[in-house]
2 protein chains.
Amino acid sequence: MKSIMLEKDIAKKGIVSGAVKKIAKEEDINPEELAKKVAEGKVIILKHRGKYLGVGEGTKTKVNANIGTSPEVCDISLEIEKLKIAEKYGTDTVMDLSTSGDIDKIRKKIIEKSNVPVGTVPIYQAAIEAIHKKGAIIKMDEDKIFEIIEKHAQDGVSFITVHCGLNLKSIERLRKNPRKSLVVSRGGAFLISWMISNEKENPLYKNYDRLLEIAKKYDLVLSLGDGLRPGGIIDSTDSAQIEELLTLGELTKYAWENNVQVIIEGPGHIPINEIETNVQLEKKICHNAPFYVLGPIVCDIAPGYDHITSAIGGAIAAWKGADFLCYVTPSEHLSLPGIEEVKEGVIAAKIAAHAGDIGKGIKNIKELDFSMDIARTERRWEEEMKIALDKEKFKKLRNKFPLKNKDVCTMCGKYCAIKIVKKYLGTKVIC
Amino acid sequence: MKSIMLEKDIAKKGIVSGAVKKIAKEEDINPEELAKKVAEGKVIILKHRGKYLGVGEGTKTKVNANIGTSPEVCDISLEIEKLKIAEKYGTDTVMDLSTSGDIDKIRKKIIEKSNVPVGTVPIYQAAIEAIHKKGAIIKMDEDKIFEIIEKHAQDGVSFITVHCGLNLKSIERLRKNPRKSLVVSRGGAFLISWMISNEKENPLYKNYDRLLEIAKKYDLVLSLGDGLRPGGIIDSTDSAQIEELLTLGELTKYAWENNVQVIIEGPGHIPINEIETNVQLEKKICHNAPFYVLGPIVCDIAPGYDHITSAIGGAIAAWKGADFLCYVTPSEHLSLPGIEEVKEGVIAAKIAAHAGDIGKGIKNIKELDFSMDIARTERRWEEEMKIALDKEKFKKLRNKFPLKNKDVCTMCGKYCAIKIVKKYLGTKVIC
């Protein structure tokens with residue numbers, strides 16, 4: 001077996017690795033403290049072609065964008081375009097969730113073209129190959145799952161979603177605690193179908209050691225999936241969801257003993273007043289492992305605007321301690337996102353992460369906001385545009401109506417409050 | 001003087017008025033309890049052409065959309081279109097902030113065409129007329145301010161923003177506690193200029209009794225403005241802002257003694273972790289008068305997306321007790337909004353209000369979300385579209401890519417998690 005230095009192992013030995021140094025510099029935090037957090041599992045390190053990304057306590061909240069083909073829309077160039085626009089607007093990672101076409105080829109292409117760490121959900125490919133080769137998901141071969149996982153790792157995938165906490169006991173919990181929204185995780189649905197029809201335990205749970213061996217071989221980060229996240233606020237924070245989380249807490253400790261880095265995935269659909277509870281529960285049960293939430297979406301009446309419902313949830317989650325936000329696009333619940341929806345999704349998630357980081361007290365996080373505030377007071381429009389998250393939209397909206405007076409905007413025009421008041425208050429109130 | 005029955009007076013006498021009954025029915029709350037809250041000033045009643053709207057504790061969080069001409073863009077038909085699209089997407093009120101053209105005519109037209117209560121900021125018209133007739137804001141006539149206020153009330157305006165808390169003491173406080181973002185309230189800027197150059201107290205503060213007399217004559221609701229709200233998170237929750245709030249608390253009590261209904265306006269730009277403090281402070285200092293916030297915007301780096309930064313802030317504010325959200329459009333800080341931006345702004349604010357109301361525990365507020373969750377699980381797409389806040393966008397996104405299989409969507413296609421899992425889990429997990 002190939003032997004590489006595992007970041008968790010290095011950190012546990014009290015060594016500050018090159019990756020930790022680079023991340024500490026990037027995040028403007030103390031390298032020794034960061035190494036300690038890596039050792040404790042509070043921070044994980046994603047590697048991608050010589051670059052490093054830290055996710056977890058004390059680092060800036062990160063954003064992931066899901067891309068990839070679907071059975072209905074299979075166009076690799078479209079997916080590369082999505083990758084590029086997601087990067088342009090600041091996504092920290094992408095996940096290739098392709099479920100059609102030459103999945104191996106698409107993944108390799110995305111890894112090749114990506115400047116940010118790439119994640120995948122290997123069970124998709126295992127299930128789809130079972131359908132193609134054997135006619136049904138339930139005929140999926142156990143060994144095949146692990147072979148595919150290793151292939152993804154070999155290709156350079158940085159992290160994989162593995163629904164290891166979804167075991168027979170959790171299905172029993174689901175049966176005893178009926179829910180309306182069933183199961184909305186695709187990986188979860190594939191595995192549940194397989195488990196029930198084969199009357200067997202989830203291979204990713206039963207053979208967790210085999211998974212850990214692969215992870216150790218490549219220092220692959222395991223993102224422990226939430227196959228039982230509820231599909232609507234009607235079932236939020238229910239017993240099946242928490243049952244799975246309890247198992248993930250155990251699997252986290254076991255992974256750490258094996259020097260494997262883990263992230264914990266979380267919901268999904270959570271009313272605004274249950275988000276803090278969900279974050280706290282994850283941090284307690286999973287021993288402060290980084291928390292990776294999907295959204296969360298805070299209400300279900302706004303399909304077409306779930307980038308907004310999830311920006312609300314994501315900002316609160318980040319503020320309360322979530323470390324990693326999976327974006328949700330306006331297309332959620334409706335269709336595969338196109339380029340524009342990917343852009344909208346990334347921007348909304350970046351706003352949520354930033355707003356959350358301000359609340360979380362991340363060092364120097366308000367500097368850009370403060371620069372914007374000062375530029376606005378002085379009406380330095382070019383400077384404002386430079387700071388803006390989306391410079392094109394800034395320009396487009398600023399020029400929406402004919403701009404007669406370039407010193408102000410078309411909202412207040414000559415009645416610009418700042419301009420008027422400055423004359424009378426003078427510079428005395430500006431420190 | 002014309003004498004009308006004042007809602008606050010009726011409620012204080014223990015009578016449940018017709019307006020209270022209608023609002024209680026609409027809000028599905030107890031009429032006697034509502035009347036008590038009106039008596040206590042916790043809820044105010046806006047009247048508009050025989051219809052009533054309740055704003056305050058225990059009622060659903062309401063949304064306001066600002067429309068109106070600017071010196072740069074003056075097109076009354078555009079403003080009526082904005083009114084109509086704002087109504088279509090569920091705004092509860094509109095404010096006509098026109099600052100150019102025939103302001104009287106525009107206001108009358110908006111009141112005539114509006115199906116929701118209309119608010120205004122009369123000081124705009126007073127200042128603009130002073131510029132037109134006398135060449136400068138600082139030459140604004142004190143009597144004229146009150147004449148214009150009465151004209152607005154006569155025309156049928158339901159509520160007016162009056163910056164009564166902005167007095168010489170608060171300007172002193174501003175000088176002693178310098179801020180970077182100066183003053184961004186237009187009404188505030190007009191009054192500060194006038195006060196400083198004339199070395200006189202704010203007429204709306206000094207002659208508050210005169211204002212109350214007008215309000216009593218028409219049962220006009222006073223929205224006590226926050227002329228000193230900071231213009232960026234760099235100055236959030238500062239001394240000048242709180243000084244003004246302290247005065248508003250005193251003016252609230254005095255208005256109540258005169259049976260005048262008041263709303264308190266609040267910021268503006270607030271980091272996510274200061275929102276609860278701002279709401280609590282308003283509720284304490286202003287004796288639980290309804291709180292009307294502008295946004296709040298939680299970070300300043302996303303011009304073009306301030307409908308999202310304010311949806312985050314608005315949702316949290318509503319959850320923590322704010323009663324009324326003034327929308328912010330994508331055009332904020334950049335230009336006068338167009339039709340599309342008004343639509344985006346209203347939808348984002350409605351989402352924020354709804355998400356906040358879920359957290360606040362408003363009765364039956366989750367019913368529509370639950371209906372959506374069940375319709376999704378059963379893939380009843382037509383039903384989902386009916387519930388959706390924006391049916392057109394639902395349809396547009398659902399059909400973004402060719403829909404081969406109408407039973408699912410183009411995200412997962414035949415790998416639809418719900419469809420797969422239902423087969424194996426059966427109906428047992430659905431209660």
# chains A, B, ... in the order shown; residues from 1 in each chain; ligands from 1
$ interface_residues --of "chain B" --to "chain A" --cutoff "6 Å" --atoms "only C-alpha atoms" --output "ChimeraX atom specification"
/B:70-72,175,178-181,183-184,186,189,193,232,234,272-273,298-302,304,312,334-336,355,359,369-370,373,377,388-389,393-394,398,409-413,417-418,421,424,429-431
$ residues_around --residues "Asn207 in chain B" --least-positions-apart "6" --cutoff "12 Å" --atoms "only C-alpha atoms" --output "JSON, numbers by chain"
{"B": [142, 143, 145, 146, 162, 164, 165, 167, 201, 213, 214, 251]}
$ write_last_selection --atoms "N, CA, C and O atoms" --output "short mmCIF file (atom, residue, chain, number, x, y, z; two decimals), in the first residue's frame"
data_model
loop_
_atom_site.label_atom_id
_atom_site.label_comp_id
_atom_site.auth_asym_id
_atom_site.auth_seq_id
_atom_site.Cartn_x
_atom_site.Cartn_y
_atom_site.Cartn_z
N GLU B 142 -41.67 76.59 8.21
CA GLU B 142 -42.16 75.64 9.22
C GLU B 142 -43.64 75.30 9.04
O GLU B 142 -44.02 74.14 9.10
N ASP B 143 -44.44 76.34 8.82
CA ASP B 143 -45.88 76.10 8.64
C ASP B 143 -46.16 75.20 7.46
O ASP B 143 -47.06 74.38 7.48
N ILE B 145 -44.52 72.77 6.30
CA ILE B 145 -44.36 71.35 6.60
C ILE B 145 -45.69 70.76 7.09
O ILE B 145 -46.15 69.72 6.60
N PHE B 146 -46.32 71.49 8.01
CA PHE B 146 -47.56 70.97 8.58
C PHE B 146 -48.72 71.04 7.57
O PHE B 146 -49.58 70.17 7.55
N VAL B 162 -42.30 60.65 9.82
CA VAL B 162 -41.96 61.97 10.37
C VAL B 162 -40.76 61.78 11.30
O VAL B 162 -40.81 60.98 12.22
N CYS B 164 -39.37 62.89 13.90
CA CYS B 164 -39.59 63.73 15.08
C CYS B 164 -38.50 63.58 16.14
O CYS B 164 -38.33 64.46 16.99
N GLY B 165 -37.79 62.47 16.08
CA GLY B 165 -36.78 62.21 17.12
C GLY B 165 -35.43 62.86 16.83
O GLY B 165 -34.51 62.80 17.64
N ASN B 167 -33.58 65.71 16.95
CA ASN B 167 -33.56 67.06 17.53
C ASN B 167 -32.10 67.57 17.70
O ASN B 167 -31.15 66.86 17.34
N GLU B 201 -34.61 74.37 16.36
CA GLU B 201 -35.01 73.00 16.65
C GLU B 201 -35.86 72.46 15.49
O GLU B 201 -36.51 73.22 14.76
N GLU B 213 -52.21 66.85 16.44
CA GLU B 213 -53.56 67.35 16.12
C GLU B 213 -53.99 66.89 14.73
O GLU B 213 -55.12 66.46 14.53
N ILE B 214 -53.07 67.00 13.78
CA ILE B 214 -53.39 66.55 12.41
C ILE B 214 -53.65 65.04 12.42
O ILE B 214 -54.62 64.56 11.83
N LEU B 251 -41.66 60.22 22.63
CA LEU B 251 -42.70 60.72 21.71
C LEU B 251 -43.80 59.67 21.52
O LEU B 251 -44.96 60.02 21.28
#
$ select_by_dssp --residues "range 26-205 of chain B" --states "strand (DSSP E)" --output "ChimeraX atom specification"
/B:43-48,51-56,62-67,93-96,118-120,159-162
$ residues_around --residues "Gly225 in chain A" --least-positions-apart "3" --cutoff "12 Å" --atoms "only C-alpha atoms" --output "count of residues only"
41
$ decode --residues "range 235-258 of chain B" --atoms "C-alpha atoms" --output "PDB file, in the first residue's frame"
ATOM      1  CA  ASP B 235     -21.480  52.562  12.325  1.00  0.00           C
ATOM      2  CA  SER B 236     -24.220  50.126  13.321  1.00  0.00           C
ATOM      3  CA  THR B 237     -25.961  50.540  16.669  1.00  0.00           C
ATOM      4  CA  ASP B 238     -24.078  53.742  17.467  1.00  0.00           C
ATOM      5  CA  SER B 239     -24.815  56.457  19.995  1.00  0.00           C
ATOM      6  CA  ALA B 240     -26.548  58.835  17.593  1.00  0.00           C
ATOM      7  CA  GLN B 241     -28.902  56.070  16.458  1.00  0.00           C
ATOM      8  CA  ILE B 242     -29.771  55.145  20.025  1.00  0.00           C
ATOM      9  CA  GLU B 243     -30.094  58.779  21.120  1.00  0.00           C
ATOM     10  CA  GLU B 244     -32.798  59.269  18.484  1.00  0.00           C
ATOM     11  CA  LEU B 245     -34.497  56.049  19.616  1.00  0.00           C
ATOM     12  CA  LEU B 246     -34.614  57.307  23.205  1.00  0.00           C
ATOM     13  CA  THR B 247     -36.451  60.422  22.045  1.00  0.00           C
ATOM     14  CA  LEU B 248     -38.816  58.291  19.960  1.00  0.00           C
ATOM     15  CA  GLY B 249     -39.664  56.339  23.102  1.00  0.00           C
ATOM     16  CA  GLU B 250     -40.800  59.557  24.793  1.00  0.00           C
ATOM     17  CA  LEU B 251     -42.699  60.715  21.714  1.00  0.00           C
ATOM     18  CA  THR B 252     -44.425  57.339  21.525  1.00  0.00           C
ATOM     19  CA  LYS B 253     -45.873  57.668  25.017  1.00  0.00           C
ATOM     20  CA  TYR B 254     -46.991  61.217  24.341  1.00  0.00           C
ATOM     21  CA  ALA B 255     -48.673  60.208  21.077  1.00  0.00           C
ATOM     22  CA  TRP B 256     -50.491  57.412  22.891  1.00  0.00           C
ATOM     23  CA  GLU B 257     -51.788  59.816  25.512  1.00  0.00           C
ATOM     24  CA  ASN B 258     -53.285  61.681  22.573  1.00  0.00           C
TER      25      ASN B 258
END
